[in-house]
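Peer 1: Next comes the structure file data.txt, holding compact mmCIF, N, CA and C atoms.
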```txt
# COMPACT_ATOMS: atom_id res chain seq x y z
N MET A 1 -13.08 -30.28 -50.32
CA MET A 1 -13.31 -28.99 -50.95
C MET A 1 -12.02 -28.58 -51.63
N ILE A 2 -12.17 -28.10 -52.85
CA ILE A 2 -11.02 -27.70 -53.66
C ILE A 2 -11.05 -26.19 -53.81
N GLY A 3 -9.87 -25.59 -53.69
CA GLY A 3 -9.76 -24.16 -53.92
C GLY A 3 -8.54 -23.83 -54.76
N LEU A 4 -8.60 -22.72 -55.41
CA LEU A 4 -7.46 -22.16 -56.11
C LEU A 4 -7.37 -20.71 -55.64
N VAL A 5 -6.28 -20.38 -54.95
CA VAL A 5 -6.11 -19.10 -54.30
C VAL A 5 -5.10 -18.27 -55.09
N GLN A 6 -5.49 -17.06 -55.44
CA GLN A 6 -4.60 -16.15 -56.15
C GLN A 6 -4.45 -14.87 -55.36
N ARG A 7 -3.19 -14.50 -55.11
CA ARG A 7 -2.93 -13.21 -54.48
C ARG A 7 -3.08 -12.16 -55.56
N VAL A 8 -3.89 -11.15 -55.30
CA VAL A 8 -4.20 -10.16 -56.33
C VAL A 8 -3.99 -8.74 -55.82
N ARG A 9 -3.74 -7.86 -56.77
CA ARG A 9 -3.73 -6.42 -56.47
C ARG A 9 -5.14 -5.87 -56.57
N GLN A 10 -5.92 -6.50 -57.46
CA GLN A 10 -7.34 -6.17 -57.60
C GLN A 10 -8.00 -7.29 -58.38
N ALA A 11 -9.32 -7.44 -58.17
CA ALA A 11 -10.08 -8.45 -58.90
C ALA A 11 -11.54 -8.04 -58.91
N GLN A 12 -12.24 -8.47 -59.96
CA GLN A 12 -13.68 -8.21 -60.04
C GLN A 12 -14.36 -9.32 -60.83
N VAL A 13 -15.64 -9.50 -60.53
CA VAL A 13 -16.48 -10.47 -61.24
C VAL A 13 -17.59 -9.70 -61.92
N VAL A 14 -17.78 -10.00 -63.20
CA VAL A 14 -18.81 -9.34 -64.00
C VAL A 14 -19.80 -10.40 -64.49
N VAL A 15 -21.10 -10.12 -64.34
CA VAL A 15 -22.16 -10.99 -64.84
C VAL A 15 -23.08 -10.12 -65.68
N ALA A 16 -23.31 -10.52 -66.92
CA ALA A 16 -24.21 -9.79 -67.83
C ALA A 16 -23.84 -8.31 -67.93
N GLY A 17 -22.53 -8.04 -67.98
CA GLY A 17 -22.06 -6.68 -68.15
C GLY A 17 -22.06 -5.82 -66.89
N ARG A 18 -22.41 -6.42 -65.75
CA ARG A 18 -22.49 -5.67 -64.49
C ARG A 18 -21.52 -6.25 -63.47
N THR A 19 -20.71 -5.40 -62.85
CA THR A 19 -19.79 -5.85 -61.81
C THR A 19 -20.60 -6.20 -60.57
N ILE A 20 -20.45 -7.47 -60.10
CA ILE A 20 -21.21 -7.91 -58.93
C ILE A 20 -20.33 -8.08 -57.71
N GLY A 21 -19.03 -8.10 -57.90
CA GLY A 21 -18.12 -8.23 -56.78
C GLY A 21 -16.75 -7.75 -57.16
N GLU A 22 -16.09 -7.01 -56.27
CA GLU A 22 -14.73 -6.56 -56.56
C GLU A 22 -13.99 -6.29 -55.27
N ILE A 23 -12.66 -6.44 -55.35
CA ILE A 23 -11.78 -6.17 -54.22
C ILE A 23 -10.54 -5.45 -54.72
N GLY A 24 -9.85 -4.83 -53.79
CA GLY A 24 -8.51 -4.30 -54.04
C GLY A 24 -7.52 -5.39 -53.66
N PRO A 25 -6.39 -5.05 -53.05
CA PRO A 25 -5.39 -6.06 -52.69
C PRO A 25 -5.97 -7.12 -51.75
N GLY A 26 -5.64 -8.37 -52.04
CA GLY A 26 -6.12 -9.47 -51.20
C GLY A 26 -6.05 -10.78 -51.93
N LEU A 27 -7.08 -11.61 -51.75
CA LEU A 27 -7.12 -12.96 -52.33
C LEU A 27 -8.38 -13.16 -53.16
N LEU A 28 -8.18 -13.70 -54.35
CA LEU A 28 -9.26 -14.20 -55.19
C LEU A 28 -9.24 -15.71 -55.02
N VAL A 29 -10.38 -16.28 -54.64
CA VAL A 29 -10.44 -17.71 -54.36
C VAL A 29 -11.54 -18.35 -55.19
N PHE A 30 -11.14 -19.32 -56.02
CA PHE A 30 -12.10 -20.15 -56.73
C PHE A 30 -12.34 -21.36 -55.86
N VAL A 31 -13.61 -21.76 -55.71
CA VAL A 31 -13.94 -22.85 -54.80
C VAL A 31 -14.89 -23.84 -55.46
N CYS A 32 -14.63 -25.12 -55.19
CA CYS A 32 -15.45 -26.22 -55.73
C CYS A 32 -15.74 -27.21 -54.61
N ALA A 33 -17.01 -27.47 -54.38
CA ALA A 33 -17.40 -28.49 -53.41
C ALA A 33 -17.37 -29.86 -54.06
N GLU A 34 -17.02 -30.85 -53.27
CA GLU A 34 -17.01 -32.24 -53.72
C GLU A 34 -18.13 -32.99 -52.99
N PRO A 35 -18.56 -34.14 -53.54
CA PRO A 35 -19.72 -34.84 -52.96
C PRO A 35 -19.60 -35.19 -51.47
N ALA A 36 -18.41 -35.48 -50.98
CA ALA A 36 -18.23 -35.86 -49.57
C ALA A 36 -18.12 -34.65 -48.64
N ASP A 37 -18.16 -33.44 -49.18
CA ASP A 37 -17.98 -32.24 -48.36
C ASP A 37 -19.23 -31.91 -47.55
N GLY A 38 -18.97 -31.29 -46.41
CA GLY A 38 -20.04 -30.83 -45.54
C GLY A 38 -19.56 -29.64 -44.73
N ASP A 39 -20.22 -29.40 -43.61
CA ASP A 39 -19.91 -28.24 -42.78
C ASP A 39 -18.49 -28.27 -42.23
N ALA A 40 -17.97 -29.44 -41.93
CA ALA A 40 -16.60 -29.54 -41.40
C ALA A 40 -15.59 -29.05 -42.43
N GLN A 41 -15.80 -29.40 -43.70
CA GLN A 41 -14.89 -28.95 -44.75
C GLN A 41 -14.99 -27.44 -44.95
N VAL A 42 -16.20 -26.90 -44.86
CA VAL A 42 -16.39 -25.45 -44.98
C VAL A 42 -15.59 -24.75 -43.89
N GLN A 43 -15.69 -25.23 -42.66
CA GLN A 43 -14.97 -24.64 -41.53
C GLN A 43 -13.47 -24.66 -41.77
N ARG A 44 -12.93 -25.82 -42.16
CA ARG A 44 -11.48 -25.94 -42.38
C ARG A 44 -11.03 -25.08 -43.55
N PHE A 45 -11.85 -25.00 -44.60
CA PHE A 45 -11.51 -24.20 -45.77
C PHE A 45 -11.40 -22.72 -45.42
N VAL A 46 -12.41 -22.19 -44.73
CA VAL A 46 -12.40 -20.78 -44.36
C VAL A 46 -11.27 -20.50 -43.37
N ASP A 47 -11.06 -21.39 -42.41
CA ASP A 47 -9.94 -21.22 -41.47
C ASP A 47 -8.63 -21.08 -42.23
N LYS A 48 -8.41 -21.97 -43.17
CA LYS A 48 -7.17 -21.97 -43.94
C LYS A 48 -7.05 -20.69 -44.76
N LEU A 49 -8.12 -20.28 -45.42
CA LEU A 49 -8.08 -19.05 -46.24
C LEU A 49 -7.67 -17.83 -45.42
N LEU A 50 -8.27 -17.69 -44.26
CA LEU A 50 -8.03 -16.50 -43.46
C LEU A 50 -6.65 -16.50 -42.81
N LYS A 51 -6.07 -17.68 -42.63
CA LYS A 51 -4.77 -17.80 -41.97
C LYS A 51 -3.61 -18.05 -42.94
N LEU A 52 -3.91 -18.29 -44.21
CA LEU A 52 -2.88 -18.62 -45.20
C LEU A 52 -1.91 -17.45 -45.35
N ARG A 53 -0.65 -17.69 -45.04
CA ARG A 53 0.35 -16.62 -45.02
C ARG A 53 1.02 -16.49 -46.39
N ILE A 54 0.32 -15.84 -47.32
CA ILE A 54 0.87 -15.64 -48.66
C ILE A 54 0.88 -14.17 -49.06
N LEU A 55 0.55 -13.28 -48.13
CA LEU A 55 0.60 -11.85 -48.40
C LEU A 55 1.93 -11.31 -47.89
N ALA A 56 2.44 -10.30 -48.57
CA ALA A 56 3.78 -9.78 -48.28
C ALA A 56 3.84 -9.00 -46.97
N ASP A 57 4.94 -9.21 -46.25
CA ASP A 57 5.21 -8.38 -45.08
C ASP A 57 6.04 -7.17 -45.53
N ASP A 58 6.53 -6.39 -44.59
CA ASP A 58 7.28 -5.19 -44.93
C ASP A 58 8.57 -5.48 -45.68
N ALA A 59 9.10 -6.69 -45.52
CA ALA A 59 10.32 -7.08 -46.22
C ALA A 59 10.02 -7.74 -47.57
N GLY A 60 8.74 -7.83 -47.93
CA GLY A 60 8.36 -8.43 -49.21
C GLY A 60 8.23 -9.95 -49.17
N ARG A 61 8.34 -10.56 -48.00
CA ARG A 61 8.22 -12.02 -47.87
C ARG A 61 6.77 -12.41 -47.65
N MET A 62 6.41 -13.59 -48.14
CA MET A 62 5.06 -14.12 -47.92
C MET A 62 4.97 -14.56 -46.46
N ASN A 63 4.50 -13.66 -45.62
CA ASN A 63 4.51 -13.93 -44.19
C ASN A 63 3.27 -13.40 -43.47
N ARG A 64 2.32 -12.85 -44.24
CA ARG A 64 1.13 -12.28 -43.62
C ARG A 64 -0.13 -12.92 -44.20
N SER A 65 -1.18 -12.93 -43.41
CA SER A 65 -2.46 -13.52 -43.82
C SER A 65 -3.50 -12.41 -44.00
N LEU A 66 -4.68 -12.79 -44.49
CA LEU A 66 -5.78 -11.83 -44.56
C LEU A 66 -6.12 -11.30 -43.17
N GLN A 67 -6.03 -12.16 -42.16
CA GLN A 67 -6.30 -11.72 -40.80
C GLN A 67 -5.32 -10.63 -40.39
N ASP A 68 -4.08 -10.73 -40.85
CA ASP A 68 -3.06 -9.75 -40.51
C ASP A 68 -3.25 -8.43 -41.26
N THR A 69 -3.66 -8.52 -42.52
CA THR A 69 -3.67 -7.34 -43.39
C THR A 69 -5.03 -6.68 -43.55
N GLY A 70 -6.10 -7.44 -43.32
CA GLY A 70 -7.44 -6.90 -43.58
C GLY A 70 -7.72 -6.75 -45.07
N GLY A 71 -6.96 -7.48 -45.91
CA GLY A 71 -7.14 -7.41 -47.36
C GLY A 71 -8.49 -7.95 -47.80
N GLY A 72 -8.80 -7.71 -49.07
CA GLY A 72 -10.06 -8.16 -49.63
C GLY A 72 -10.07 -9.65 -49.92
N LEU A 73 -11.25 -10.22 -49.94
CA LEU A 73 -11.45 -11.62 -50.26
C LEU A 73 -12.61 -11.71 -51.26
N LEU A 74 -12.32 -12.25 -52.44
CA LEU A 74 -13.33 -12.44 -53.48
C LEU A 74 -13.46 -13.93 -53.71
N ILE A 75 -14.64 -14.47 -53.45
CA ILE A 75 -14.88 -15.91 -53.53
C ILE A 75 -15.80 -16.20 -54.71
N VAL A 76 -15.34 -17.10 -55.59
CA VAL A 76 -16.06 -17.41 -56.82
C VAL A 76 -16.23 -18.92 -56.93
N SER A 77 -17.45 -19.37 -57.18
CA SER A 77 -17.69 -20.80 -57.37
C SER A 77 -17.13 -21.24 -58.72
N GLN A 78 -16.51 -22.42 -58.73
CA GLN A 78 -15.95 -22.93 -59.98
C GLN A 78 -15.89 -24.45 -59.94
N PHE A 79 -16.96 -25.10 -60.42
CA PHE A 79 -17.02 -26.56 -60.39
C PHE A 79 -15.96 -27.21 -61.26
N THR A 80 -15.40 -26.49 -62.21
CA THR A 80 -14.40 -27.08 -63.11
C THR A 80 -13.09 -27.42 -62.40
N LEU A 81 -12.92 -26.98 -61.15
CA LEU A 81 -11.73 -27.38 -60.40
C LEU A 81 -11.72 -28.89 -60.14
N ALA A 82 -12.87 -29.52 -60.23
CA ALA A 82 -12.97 -30.96 -60.01
C ALA A 82 -12.79 -31.76 -61.31
N ALA A 83 -12.35 -31.11 -62.37
CA ALA A 83 -12.21 -31.77 -63.67
C ALA A 83 -11.27 -32.97 -63.60
N ASP A 84 -11.70 -34.04 -64.24
CA ASP A 84 -10.87 -35.24 -64.39
C ASP A 84 -10.58 -35.38 -65.88
N THR A 85 -9.31 -35.28 -66.24
CA THR A 85 -8.91 -35.36 -67.65
C THR A 85 -8.20 -36.67 -67.97
N ALA A 86 -8.24 -37.63 -67.06
CA ALA A 86 -7.52 -38.89 -67.25
C ALA A 86 -8.12 -39.76 -68.35
N GLY A 87 -9.43 -39.62 -68.60
CA GLY A 87 -10.10 -40.53 -69.51
C GLY A 87 -10.15 -40.10 -70.96
N GLY A 88 -9.56 -39.02 -71.32
CA GLY A 88 -9.64 -38.57 -72.71
C GLY A 88 -9.48 -37.07 -72.78
N ASN A 89 -9.99 -36.52 -73.87
CA ASN A 89 -9.81 -35.09 -74.10
C ASN A 89 -10.95 -34.22 -73.59
N ARG A 90 -12.07 -34.84 -73.27
CA ARG A 90 -13.20 -34.08 -72.71
C ARG A 90 -13.20 -34.32 -71.20
N PRO A 91 -13.06 -33.26 -70.41
CA PRO A 91 -13.03 -33.43 -68.95
C PRO A 91 -14.35 -33.95 -68.41
N SER A 92 -14.25 -34.74 -67.36
CA SER A 92 -15.42 -35.20 -66.62
C SER A 92 -15.50 -34.37 -65.35
N PHE A 93 -16.70 -33.97 -64.97
CA PHE A 93 -16.88 -33.17 -63.78
C PHE A 93 -17.66 -33.90 -62.70
N THR A 94 -17.66 -35.23 -62.77
CA THR A 94 -18.39 -36.02 -61.78
C THR A 94 -17.79 -35.89 -60.39
N GLY A 95 -16.58 -35.37 -60.27
CA GLY A 95 -15.96 -35.16 -58.97
C GLY A 95 -16.50 -33.95 -58.23
N ALA A 96 -17.27 -33.12 -58.92
CA ALA A 96 -17.87 -31.95 -58.27
C ALA A 96 -19.18 -32.36 -57.60
N ALA A 97 -19.51 -31.68 -56.52
CA ALA A 97 -20.77 -31.94 -55.84
C ALA A 97 -21.94 -31.61 -56.76
N PRO A 98 -23.08 -32.29 -56.61
CA PRO A 98 -24.27 -31.91 -57.37
C PRO A 98 -24.61 -30.44 -57.11
N ALA A 99 -25.28 -29.81 -58.05
CA ALA A 99 -25.53 -28.37 -58.01
C ALA A 99 -26.17 -27.90 -56.70
N GLU A 100 -27.18 -28.60 -56.21
CA GLU A 100 -27.85 -28.16 -54.99
C GLU A 100 -26.90 -28.17 -53.79
N GLN A 101 -26.13 -29.24 -53.66
CA GLN A 101 -25.15 -29.34 -52.58
C GLN A 101 -24.04 -28.30 -52.78
N GLY A 102 -23.58 -28.15 -54.01
CA GLY A 102 -22.53 -27.17 -54.31
C GLY A 102 -22.96 -25.77 -53.94
N ARG A 103 -24.18 -25.41 -54.28
CA ARG A 103 -24.70 -24.07 -53.94
C ARG A 103 -24.75 -23.88 -52.43
N ARG A 104 -25.27 -24.87 -51.72
CA ARG A 104 -25.39 -24.77 -50.26
C ARG A 104 -24.02 -24.58 -49.62
N LEU A 105 -23.03 -25.35 -50.07
CA LEU A 105 -21.70 -25.26 -49.47
C LEU A 105 -20.99 -23.97 -49.87
N TYR A 106 -21.18 -23.52 -51.10
CA TYR A 106 -20.61 -22.24 -51.53
C TYR A 106 -21.19 -21.11 -50.68
N GLU A 107 -22.49 -21.12 -50.48
CA GLU A 107 -23.13 -20.09 -49.66
C GLU A 107 -22.67 -20.18 -48.20
N ALA A 108 -22.39 -21.40 -47.72
CA ALA A 108 -21.89 -21.56 -46.36
C ALA A 108 -20.47 -20.99 -46.24
N VAL A 109 -19.65 -21.19 -47.26
CA VAL A 109 -18.30 -20.60 -47.27
C VAL A 109 -18.41 -19.08 -47.21
N LEU A 110 -19.29 -18.52 -48.05
CA LEU A 110 -19.48 -17.06 -48.06
C LEU A 110 -19.94 -16.55 -46.70
N ALA A 111 -20.94 -17.20 -46.13
CA ALA A 111 -21.49 -16.75 -44.85
C ALA A 111 -20.43 -16.80 -43.75
N MET A 112 -19.67 -17.87 -43.69
CA MET A 112 -18.66 -18.00 -42.66
C MET A 112 -17.53 -16.98 -42.87
N ALA A 113 -17.11 -16.81 -44.12
CA ALA A 113 -16.06 -15.83 -44.41
C ALA A 113 -16.52 -14.43 -44.03
N ARG A 114 -17.76 -14.09 -44.37
CA ARG A 114 -18.29 -12.76 -44.06
C ARG A 114 -18.45 -12.53 -42.56
N ALA A 115 -18.74 -13.60 -41.83
CA ALA A 115 -18.87 -13.47 -40.38
C ALA A 115 -17.53 -13.24 -39.70
N ARG A 116 -16.46 -13.64 -40.37
CA ARG A 116 -15.14 -13.59 -39.74
C ARG A 116 -14.18 -12.59 -40.38
N HIS A 117 -14.56 -12.02 -41.53
CA HIS A 117 -13.63 -11.13 -42.24
C HIS A 117 -14.41 -10.09 -43.04
N SER A 118 -13.77 -8.96 -43.26
CA SER A 118 -14.34 -7.94 -44.12
C SER A 118 -13.19 -7.22 -44.80
N PRO A 119 -13.28 -6.93 -46.08
CA PRO A 119 -14.41 -7.14 -46.98
C PRO A 119 -14.37 -8.51 -47.65
N VAL A 120 -15.58 -9.04 -47.92
CA VAL A 120 -15.73 -10.27 -48.68
C VAL A 120 -16.71 -9.99 -49.82
N ALA A 121 -16.26 -10.22 -51.04
CA ALA A 121 -17.11 -10.09 -52.23
C ALA A 121 -17.30 -11.48 -52.83
N ALA A 122 -18.24 -11.59 -53.77
CA ALA A 122 -18.56 -12.92 -54.29
C ALA A 122 -18.97 -12.87 -55.75
N GLY A 123 -18.81 -14.03 -56.38
CA GLY A 123 -19.37 -14.26 -57.70
C GLY A 123 -20.83 -14.69 -57.53
N GLU A 124 -21.39 -15.24 -58.59
CA GLU A 124 -22.78 -15.71 -58.55
C GLU A 124 -22.79 -17.18 -58.94
N PHE A 125 -23.23 -18.03 -58.03
CA PHE A 125 -23.23 -19.48 -58.26
C PHE A 125 -23.98 -19.80 -59.55
N GLY A 126 -23.37 -20.59 -60.41
CA GLY A 126 -24.02 -21.07 -61.63
C GLY A 126 -24.09 -20.08 -62.77
N ALA A 127 -23.62 -18.86 -62.56
CA ALA A 127 -23.71 -17.84 -63.60
C ALA A 127 -22.52 -17.93 -64.55
N ASP A 128 -22.71 -17.38 -65.75
CA ASP A 128 -21.60 -17.19 -66.68
C ASP A 128 -20.90 -15.92 -66.23
N MET A 129 -19.70 -16.07 -65.68
CA MET A 129 -19.00 -14.93 -65.07
C MET A 129 -17.73 -14.63 -65.86
N GLN A 130 -17.37 -13.36 -65.88
CA GLN A 130 -16.07 -12.95 -66.37
C GLN A 130 -15.31 -12.44 -65.15
N VAL A 131 -14.16 -13.05 -64.91
CA VAL A 131 -13.35 -12.69 -63.75
C VAL A 131 -12.12 -11.94 -64.25
N HIS A 132 -11.95 -10.74 -63.75
CA HIS A 132 -10.81 -9.91 -64.12
C HIS A 132 -9.92 -9.79 -62.89
N LEU A 133 -8.62 -9.97 -63.09
CA LEU A 133 -7.72 -9.89 -61.96
C LEU A 133 -6.34 -9.42 -62.37
N VAL A 134 -5.66 -8.84 -61.42
CA VAL A 134 -4.24 -8.54 -61.56
C VAL A 134 -3.56 -9.38 -60.50
N ASN A 135 -2.95 -10.49 -60.94
CA ASN A 135 -2.29 -11.41 -60.03
C ASN A 135 -1.04 -10.73 -59.50
N ASP A 136 -0.81 -10.83 -58.21
CA ASP A 136 0.30 -10.18 -57.54
C ASP A 136 1.39 -11.21 -57.25
N GLY A 137 2.48 -11.12 -57.96
CA GLY A 137 3.61 -12.03 -57.73
C GLY A 137 4.20 -12.59 -59.00
N PRO A 138 3.57 -13.44 -59.71
CA PRO A 138 2.26 -14.05 -59.45
C PRO A 138 2.33 -15.09 -58.34
N VAL A 139 1.26 -15.15 -57.56
CA VAL A 139 1.12 -16.17 -56.52
C VAL A 139 -0.22 -16.86 -56.75
N THR A 140 -0.16 -18.16 -57.05
CA THR A 140 -1.36 -18.98 -57.24
C THR A 140 -1.12 -20.29 -56.50
N ILE A 141 -2.01 -20.63 -55.58
CA ILE A 141 -1.81 -21.77 -54.70
C ILE A 141 -3.05 -22.66 -54.69
N PRO A 142 -2.87 -23.96 -55.00
CA PRO A 142 -4.00 -24.88 -54.85
C PRO A 142 -4.24 -25.17 -53.38
N LEU A 143 -5.51 -25.34 -53.03
CA LEU A 143 -5.87 -25.61 -51.64
C LEU A 143 -6.93 -26.70 -51.64
N ARG A 144 -6.68 -27.75 -50.87
CA ARG A 144 -7.66 -28.83 -50.76
C ARG A 144 -7.82 -29.21 -49.30
N VAL A 145 -9.04 -29.24 -48.83
CA VAL A 145 -9.31 -29.71 -47.47
C VAL A 145 -10.29 -30.87 -47.56
N SER A 146 -10.12 -31.78 -46.63
CA SER A 146 -11.05 -32.93 -46.60
C SER A 146 -11.51 -33.18 -45.19
```
I need this file expressed as structure tokens, please.

Peer 2:
Amino acid sequence: MIGLVQRVRQAQVVVAGRTIGEIGPGLLVFVCAEPADGDAQVQRFVDKLLKLRILADDAGRMNRSLQDTGGGLLIVSQFTLAADTAGGNRPSFTGAAPAEQGRRLYEAVLAMARARHSPVAAGEFGADMQVHLVNDGPVTIPLRVS
């Protein structure tokens, strides 16, 4: 499972002109399932997200997690994280899980995150989304679990 984690002051997802998910300070996470992913990867991914110490402590150091701060979590599906650009100028996305599997695993990530943390907002799987964010730091961290 591939993720791209951004520490944000605020973020929102808009679909067809309507805001469907938004958070204040916390983490915006783009997530992409890969063909070999299953429930074990979902568990490790959510564990890592909730414990990742990239939020500022009182001294301004990256030393706190979502579990510590209760910050927002906005999770957005993004199959393009699996892009392979080695073969030319047009990316290949064969590294991403097929749509049905990708949807199931994305929904599993959401369900597990919501069971363990609040607030959790989400994008819409397969939709044309506009993501608005104010990156804090900026802090952007790739995350991969297998």

Peer 1: When you look at region 23-39 of chain A with a cut-off of 5 Å (counting all atoms listed in the file), what residues show up, excluding the ones that are within fewer than 5 positions of it in the same chain? I need them as a list in words.

Peer 2: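 Near region 23-39 of chain A, the qualifying residues are Met1, Ile2, Gly3, Leu4, Val5, Gln6, Arg7, Val8, Arg9, Gln10, Ala11, Gly71, Gly72, Leu73, Leu74, Ile75, Val76, Ser77, Gln78, Phe79, Gly95, Ala96 and Ala97 of chain A.
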
Peer 1: Can you spit out the residues from that selection as a short mmCIF file (atom, residue, chain, number, x, y, z; two decimals), keeping the file's coordinate frame, using N, CA and C atoms?

Peer 2:
```
data_model
loop_
_atom_site.label_atom_id
_atom_site.label_comp_id
_atom_site.auth_asym_id
_atom_site.auth_seq_id
_atom_site.Cartn_x
_atom_site.Cartn_y
_atom_site.Cartn_z
N MET A 1 -13.08 -30.28 -50.32
CA MET A 1 -13.31 -28.99 -50.95
C MET A 1 -12.02 -28.58 -51.63
N ILE A 2 -12.17 -28.10 -52.85
CA ILE A 2 -11.02 -27.70 -53.66
C ILE A 2 -11.05 -26.19 -53.81
N GLY A 3 -9.87 -25.59 -53.69
CA GLY A 3 -9.76 -24.16 -53.92
C GLY A 3 -8.54 -23.83 -54.76
N LEU A 4 -8.60 -22.72 -55.41
CA LEU A 4 -7.46 -22.16 -56.11
C LEU A 4 -7.37 -20.71 -55.64
N VAL A 5 -6.28 -20.38 -54.95
CA VAL A 5 -6.11 -19.10 -54.30
C VAL A 5 -5.10 -18.27 -55.09
N GLN A 6 -5.49 -17.06 -55.44
CA GLN A 6 -4.60 -16.15 -56.15
C GLN A 6 -4.45 -14.87 -55.36
N ARG A 7 -3.19 -14.50 -55.11
CA ARG A 7 -2.93 -13.21 -54.48
C ARG A 7 -3.08 -12.16 -55.56
N VAL A 8 -3.89 -11.15 -55.30
CA VAL A 8 -4.20 -10.16 -56.33
C VAL A 8 -3.99 -8.74 -55.82
N ARG A 9 -3.74 -7.86 -56.77
CA ARG A 9 -3.73 -6.42 -56.47
C ARG A 9 -5.14 -5.87 -56.57
N GLN A 10 -5.92 -6.50 -57.46
CA GLN A 10 -7.34 -6.17 -57.60
C GLN A 10 -8.00 -7.29 -58.38
N ALA A 11 -9.32 -7.44 -58.17
CA ALA A 11 -10.08 -8.45 -58.90
C ALA A 11 -11.54 -8.04 -58.91
N GLY A 71 -6.96 -7.48 -45.91
CA GLY A 71 -7.14 -7.41 -47.36
C GLY A 71 -8.49 -7.95 -47.80
N GLY A 72 -8.80 -7.71 -49.07
CA GLY A 72 -10.06 -8.16 -49.63
C GLY A 72 -10.07 -9.65 -49.92
N LEU A 73 -11.25 -10.22 -49.94
CA LEU A 73 -11.45 -11.62 -50.26
C LEU A 73 -12.61 -11.71 -51.26
N LEU A 74 -12.32 -12.25 -52.44
CA LEU A 74 -13.33 -12.44 -53.48
C LEU A 74 -13.46 -13.93 -53.71
N ILE A 75 -14.64 -14.47 -53.45
CA ILE A 75 -14.88 -15.91 -53.53
C ILE A 75 -15.80 -16.20 -54.71
N VAL A 76 -15.34 -17.10 -55.59
CA VAL A 76 -16.06 -17.41 -56.82
C VAL A 76 -16.23 -18.92 -56.93
N SER A 77 -17.45 -19.37 -57.18
CA SER A 77 -17.69 -20.80 -57.37
C SER A 77 -17.13 -21.24 -58.72
N GLN A 78 -16.51 -22.42 -58.73
CA GLN A 78 -15.95 -22.93 -59.98
C GLN A 78 -15.89 -24.45 -59.94
N PHE A 79 -16.96 -25.10 -60.42
CA PHE A 79 -17.02 -26.56 -60.39
C PHE A 79 -15.96 -27.21 -61.26
N GLY A 95 -16.58 -35.37 -60.27
CA GLY A 95 -15.96 -35.16 -58.97
C GLY A 95 -16.50 -33.95 -58.23
N ALA A 96 -17.27 -33.12 -58.92
CA ALA A 96 -17.87 -31.95 -58.27
C ALA A 96 -19.18 -32.36 -57.60
N ALA A 97 -19.51 -31.68 -56.52
CA ALA A 97 -20.77 -31.94 -55.84
C ALA A 97 -21.94 -31.61 -56.76
#
```

Peer 1: In Å to one decimal, how far is CA of Thr19 (chain A) from CA of Val131 (chain A)?

Peer 2: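 So the two atoms, CA of Val131 (chain A) and CA of Thr19 (chain A), lie 9.6 Å apart.
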
Peer 1: Measuring between all atoms listed in the file, which one of A:Asp136, A:Leu66, A:Ala99, A:Gln130 shows the shortest distance to His117 (chain A)?

Peer 2: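 Checking each of A:Asp136, A:Leu66, A:Ala99, A:Gln130 against His117 (chain A), counting all atoms listed in the file, the winner is A:Leu66.
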
Peer 1: Any idea what's packed within 8 Å of Ser65 (chain A), counting only C-alpha atoms, ignoring anything in its chain fewer than 6 positions away? Could you give it as a list of chain:residue names?

Peer 2: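 Returned residues: A:Leu50, A:Lys51, A:Leu52, A:Arg53, A:Ile54, A:Leu55.
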
Peer 1: Have a look at CA of Gly137 (chain A) and CA of Arg64 (chain A) and let me know their distance in Å, one decimal.

Peer 2: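 We find that CA of Gly137 (chain A) and CA of Arg64 (chain A) lie 14.3 Å from each other.
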
Peer 1: Skip Val46 (chain A) itself and residues of its chain fewer than 3 positions away, then list as a list of chain:residue names all residues within 7 Å of it, counting only N, CA and C atoms.

Peer 2: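 The neighbour list is A:Gln41, A:Val42, A:Gln43, A:Leu49, A:Leu50, A:Lys51, A:Val109, A:Met112, A:Ala113.
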
Peer 1: Within region 8-119 of chain A, find each residue whose DSSP state, derived from the backbone, is helix (DSSP H, G or I), and express the selection as a PyMOL selection string.

Peer 2: chain A and resi 39-51+66-69+79-82+99-116

Peer 1: May I ask for the distance between CA of Gly70 (chain A) and atom N of Arg104 (chain A), given in Å to one decimal place?

Peer 2: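 These atoms are spaced 26.6 Å apart.
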
Peer 1: Just list the residues in chain A DSSP gives strand (DSSP E) on the backbone, as an MDAnalysis selection string.

Peer 2: chainID A and resid 2:15 18:23 26:32 55:56 62:64 72:77 120:122 129:144

Peer 1: Enumerate, as a JSON list (two decimals) with N, CA and C atoms, in the frame of the given file, the protein, DNA and RNA residues whose atoms approach (-22.5, -16.3, -52.3) to within 6.5 Å, taking into account only N, CA and C atoms and the coordinate frame of the file.

Peer 2:
```
[["chain", "number", "residue", "atom", "x", "y", "z"],
["A", 106, "TYR", "N", -21.18, -23.52, -51.10],
["A", 106, "TYR", "CA", -20.61, -22.24, -51.53],
["A", 106, "TYR", "C", -21.19, -21.11, -50.68],
["A", 107, "GLU", "N", -22.49, -21.12, -50.48],
["A", 107, "GLU", "CA", -23.13, -20.09, -49.66],
["A", 107, "GLU", "C", -22.67, -20.18, -48.20],
["A", 110, "LEU", "N", -19.29, -18.52, -48.05],
["A", 110, "LEU", "CA", -19.48, -17.06, -48.06],
["A", 110, "LEU", "C", -19.94, -16.55, -46.70],
["A", 111, "ALA", "N", -20.94, -17.20, -46.13],
["A", 111, "ALA", "CA", -21.49, -16.75, -44.85],
["A", 111, "ALA", "C", -20.43, -16.80, -43.75],
["A", 122, "ALA", "N", -18.24, -11.59, -53.77],
["A", 122, "ALA", "CA", -18.56, -12.92, -54.29],
["A", 122, "ALA", "C", -18.97, -12.87, -55.75],
["A", 123, "GLY", "N", -18.81, -14.03, -56.38],
["A", 123, "GLY", "CA", -19.37, -14.26, -57.70],
["A", 123, "GLY", "C", -20.83, -14.69, -57.53],
["A", 124, "GLU", "N", -21.39, -15.24, -58.59],
["A", 124, "GLU", "CA", -22.78, -15.71, -58.55],
["A", 124, "GLU", "C", -22.79, -17.18, -58.94],
["A", 125, "PHE", "N", -23.23, -18.03, -58.03],
["A", 125, "PHE", "CA", -23.23, -19.48, -58.26],
["A", 125, "PHE", "C", -23.98, -19.80, -59.55]]
```
